[in-house]
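**Q** Provided herewith: start-v9.cif, mmCIF, C-alpha atoms.
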```cif
data_target
#
loop_
_atom_site.group_PDB
_atom_site.id
_atom_site.type_symbol
_atom_site.label_atom_id
_atom_site.label_comp_id
_atom_site.auth_asym_id
_atom_site.auth_seq_id
_atom_site.Cartn_x
_atom_site.Cartn_y
_atom_site.Cartn_z
ATOM 1 C CA MET I 3 170.430 52.225 101.816
ATOM 2 C CA PRO I 4 172.438 50.365 99.184
ATOM 3 C CA LYS I 5 174.388 52.446 96.690
ATOM 4 C CA ASP I 6 172.558 50.940 93.703
ATOM 5 C CA TYR I 7 169.350 52.610 94.890
ATOM 6 C CA PRO I 8 169.579 56.190 93.599
ATOM 7 C CA ARG I 9 168.468 59.163 95.647
ATOM 8 C CA SER I 10 166.033 60.348 92.965
ATOM 9 C CA ARG I 11 164.137 57.016 93.172
ATOM 10 C CA ARG I 12 163.899 57.284 96.976
ATOM 11 C CA ILE I 13 162.621 60.850 96.678
ATOM 12 C CA ALA I 14 160.082 59.838 94.010
ATOM 13 C CA GLU I 15 158.782 57.039 96.242
ATOM 14 C CA GLN I 16 158.485 59.356 99.227
ATOM 15 C CA ILE I 17 156.658 61.952 97.112
ATOM 16 C CA GLN I 18 154.266 59.211 95.990
ATOM 17 C CA ARG I 19 153.580 58.129 99.602
ATOM 18 C CA GLU I 20 153.123 61.675 100.879
ATOM 19 C CA LEU I 21 150.928 62.786 97.970
ATOM 20 C CA SER I 22 148.723 59.705 98.368
ATOM 21 C CA GLU I 23 148.139 60.595 101.989
ATOM 22 C CA ILE I 24 147.569 64.305 101.308
ATOM 23 C CA ILE I 25 145.069 63.552 98.522
ATOM 24 C CA ARG I 26 143.250 60.978 100.644
ATOM 25 C CA LEU I 27 143.078 63.018 103.859
ATOM 26 C CA GLU I 28 143.321 66.703 103.000
ATOM 27 C CA LEU I 29 142.217 67.351 99.424
ATOM 28 C CA LYS I 30 138.549 68.352 99.529
ATOM 29 C CA ASP I 31 137.846 68.508 95.782
ATOM 30 C CA PRO I 32 135.002 66.044 95.073
ATOM 31 C CA ARG I 33 136.122 65.682 91.436
ATOM 32 C CA VAL I 34 139.226 63.769 92.509
ATOM 33 C CA GLY I 35 137.453 60.981 94.381
ATOM 34 C CA MET I 36 139.263 57.700 94.863
ATOM 35 C CA ILE I 37 142.442 57.613 92.810
ATOM 36 C CA THR I 38 145.616 55.599 93.104
ATOM 37 C CA LEU I 39 149.019 57.094 92.455
ATOM 38 C CA THR I 40 150.888 54.459 90.477
ATOM 39 C CA ASP I 41 154.278 56.125 89.994
ATOM 40 C CA VAL I 42 156.263 59.334 90.308
ATOM 41 C CA GLU I 43 159.170 60.292 88.047
ATOM 42 C CA VAL I 44 161.477 63.069 89.237
ATOM 43 C CA THR I 45 163.826 64.980 86.938
ATOM 44 C CA PRO I 46 167.543 64.752 87.812
ATOM 45 C CA ASP I 47 167.543 68.327 89.180
ATOM 46 C CA TYR I 48 164.380 67.628 91.273
ATOM 47 C CA SER I 49 162.586 70.629 89.775
ATOM 48 C CA HIS I 50 159.717 68.643 88.220
ATOM 49 C CA ALA I 51 157.839 65.492 89.137
ATOM 50 C CA LYS I 52 155.494 63.613 86.841
ATOM 51 C CA VAL I 53 152.789 61.947 88.943
ATOM 52 C CA PHE I 54 150.888 59.052 87.369
ATOM 53 C CA PHE I 55 147.418 58.212 88.649
ATOM 54 C CA THR I 56 144.704 55.724 87.860
ATOM 55 C CA ARG I 57 141.201 54.914 88.988
ATOM 56 C CA LEU I 58 138.611 52.278 88.392
ATOM 57 C CA GLY I 59 135.462 53.343 86.646
ATOM 58 C CA ASP I 60 134.410 55.503 83.735
ATOM 59 C CA GLU I 61 137.351 56.810 81.711
ATOM 60 C CA ALA I 62 135.337 59.903 80.787
ATOM 61 C CA ASP I 63 135.908 61.282 84.306
ATOM 62 C CA ASN I 64 139.686 61.208 83.889
ATOM 63 C CA ALA I 65 139.774 64.635 82.230
ATOM 64 C CA ASN I 66 137.875 66.157 85.175
ATOM 65 C CA ILE I 67 140.165 64.455 87.662
ATOM 66 C CA LEU I 68 143.205 65.700 85.774
ATOM 67 C CA LYS I 69 141.850 69.268 85.838
ATOM 68 C CA ALA I 70 141.148 69.006 89.568
ATOM 69 C CA LEU I 71 144.655 67.695 90.290
ATOM 70 C CA GLU I 72 146.252 70.424 88.177
ATOM 71 C CA HIS I 73 144.133 72.997 90.003
ATOM 72 C CA ALA I 74 145.270 71.592 93.369
ATOM 73 C CA ALA I 75 148.949 71.261 92.360
ATOM 74 C CA GLY I 76 149.996 74.394 94.277
ATOM 75 C CA PHE I 77 148.288 73.203 97.464
ATOM 76 C CA LEU I 78 149.758 69.712 97.075
ATOM 77 C CA ARG I 79 153.234 71.128 96.480
ATOM 78 C CA SER I 80 153.050 73.359 99.567
ATOM 79 C CA GLU I 81 151.885 70.404 101.684
ATOM 80 C CA LEU I 82 154.801 68.371 100.338
ATOM 81 C CA ALA I 83 157.153 71.180 101.336
ATOM 82 C CA HIS I 84 155.883 70.951 104.933
ATOM 83 C CA ARG I 85 156.267 67.174 105.076
ATOM 84 C CA MET I 86 159.552 66.638 103.243
ATOM 85 C CA ARG I 87 162.942 68.159 103.852
ATOM 86 C CA LEU I 88 164.005 69.122 100.353
ATOM 87 C CA ARG I 89 165.806 72.213 99.157
ATOM 88 C CA ILE I 90 163.737 72.102 95.982
ATOM 89 C CA VAL I 91 160.141 70.893 96.040
ATOM 90 C CA PRO I 92 159.325 69.834 92.488
ATOM 91 C CA GLN I 93 156.578 71.288 90.328
ATOM 92 C CA LEU I 94 153.890 68.618 90.043
ATOM 93 C CA HIS I 95 152.623 67.419 86.667
ATOM 94 C CA PHE I 96 149.820 64.857 86.601
ATOM 95 C CA GLU I 97 149.219 62.219 83.968
ATOM 96 C CA TYR I 98 146.631 59.462 83.707
ATOM 97 C CA ASP I 99 148.280 56.022 83.793
ATOM 98 C CA GLU I 100 146.568 53.932 81.138
ATOM 99 C CA SER I 101 148.519 50.760 81.896
ATOM 100 C CA VAL I 102 146.072 49.540 84.551
ATOM 101 C CA ALA I 103 143.025 50.016 82.313
ATOM 102 C CA ARG I 104 144.895 48.468 79.386
ATOM 103 C CA GLY I 105 145.841 45.469 81.545
ATOM 104 C CA ALA I 106 142.228 44.979 82.666
ATOM 105 C CA ARG I 107 141.070 45.185 79.045
ATOM 106 C CA LEU I 108 143.663 42.598 77.936
ATOM 107 C CA SER I 109 142.731 40.304 80.811
ATOM 108 C CA SER I 110 139.081 40.539 79.789
ATOM 109 C CA LEU I 111 139.952 39.715 76.175
ATOM 110 C CA ILE I 112 142.026 36.719 77.275
ATOM 111 C CA ASP I 113 139.175 35.487 79.469
ATOM 112 C CA GLU I 114 136.786 35.798 76.508
ATOM 113 C CA ALA I 115 139.165 33.915 74.208
ATOM 114 C CA VAL I 116 139.696 31.133 76.740
ATOM 115 C CA GLY I 117 135.938 30.895 77.339
ATOM 116 C CA ALA I 118 135.242 30.732 73.593
ATOM 117 C CA LYS I 119 137.354 27.582 73.047
ATOM 118 C CA PRO I 120 135.332 24.532 72.053
ATOM 119 C CA ALA I 121 135.011 21.863 74.748
ATOM 120 C CA GLY I 122 137.463 18.989 74.608
ATOM 121 C CA LYS I 123 140.405 20.907 73.182
#
```
So, in terms of C-alpha cells, how does the structure I just supplied come out?
**A**
Amino acid sequence: MPKDYPRSRRIAEQIQRELSEIIRLELKDPRVGMITLTDVEVTPDYSHAKVFFTRLGDEADNANILKALEHAAGFLRSELAHRMRLRIVPQLHFEYDESVARGARLSSLIDEAVGAKPAGK
C-alpha cells in the first residue's frame, strides 16, 4: 500500500465491506431490509466508527432501520471481531446518509426544469 493511504481509511473500508456482508447474510432483523452502507468513519484511536447507510424507498422507515441497527450493534461488533484482526474493535454508531436521497431529489428537480423549458430555446 502507498504511504499516502492512511491505515484508518483502510480499516474503515474493511469495516464497511465486512459489515455489508454481515448485514446481508447474517442479520435476521426484518426491519433492516435492503440497505447500502455508503461510508464508515473511524476515530483516530479506532474506538468508535460512524457507519452511514442509505436505502431507496420511504424515508419514514429510516427511524425504524436506525433503531434496528442500533439494537444489533453488539452482534455486528462481535462478528467484526471474529472477521478482522484488530486490537480494538470500534463501537458502532449508525447514521442515515441523506446525500443519496438529496441527490435524487435534485436530479428530479433538474429534470423537471429541463422538461419545463419552452420548445425552440
**Q** Within 8 Å of Phe54 in chain I, counting all atoms listed in the file, which residues qualify if same-chain residues fewer than 2 places away don't, as a list in words?
**A**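 Here the answer would be Leu39, Thr40, Asp41, Val42, Lys52, Thr56, Phe96, Glu97, Tyr98 and Asp99 of chain I.
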**Q** Return as number ranges by chain the set of residues that the PyMOL selection byres ((chain I and resi 76-93) around 9) yields on the displayed structure.
**A** I: 16-17, 20-21, 24-25, 29, 44-45, 47-52, 71-75, 94-95
**Q** Just checking: using all atoms listed in the file, which residue out of I:Arg19, I:Met36, I:Pro46, I:Leu27 ends up closest to Gly59 in chain I?
**A**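 For Gly59 in chain I, the nearest of the given residues is I:Met36.
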**Q** Within 12 Å of (137.0, 55.6, 83.1) (file coordinates; all atoms listed in the file), which protein or nucleic acid residues are there? I'd like them as a PyMOL selection string.
**A** chain I and resi 37+56-67+98-100+102-104+106-107
**Q** What is the CA of Val53 in chain I to CA of Leu111 in chain I distance in Å?
**A**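 Separation of CA of Val53 in chain I and CA of Leu111 in chain I: 28.7 Å.
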**Q** How many Å lie between CA of Thr38 in chain I and CA of Asp113 in chain I, rounded to one decimal?
**A** 25.1 Å
**Q** One number please: CA of Glu43 in chain I to CA of Leu108 in chain I, in Å, one decimal.
**A**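 Atom-to-atom, CA of Glu43 in chain I and CA of Leu108 in chain I are spaced 25.6 Å apart.
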**Q** Using only the atoms of range 23-29 of chain I listed in the file, plus 5 Å on each side, state the axis-aligned box centre and edge lengths in Å rounded to one decimal, as AutoDock Vina command-line options.
**A**
```
--center_x 145.2 --center_y 64.0 --center_z 101.2 --size_x 15.9 --size_y 16.8 --size_z 15.3
```
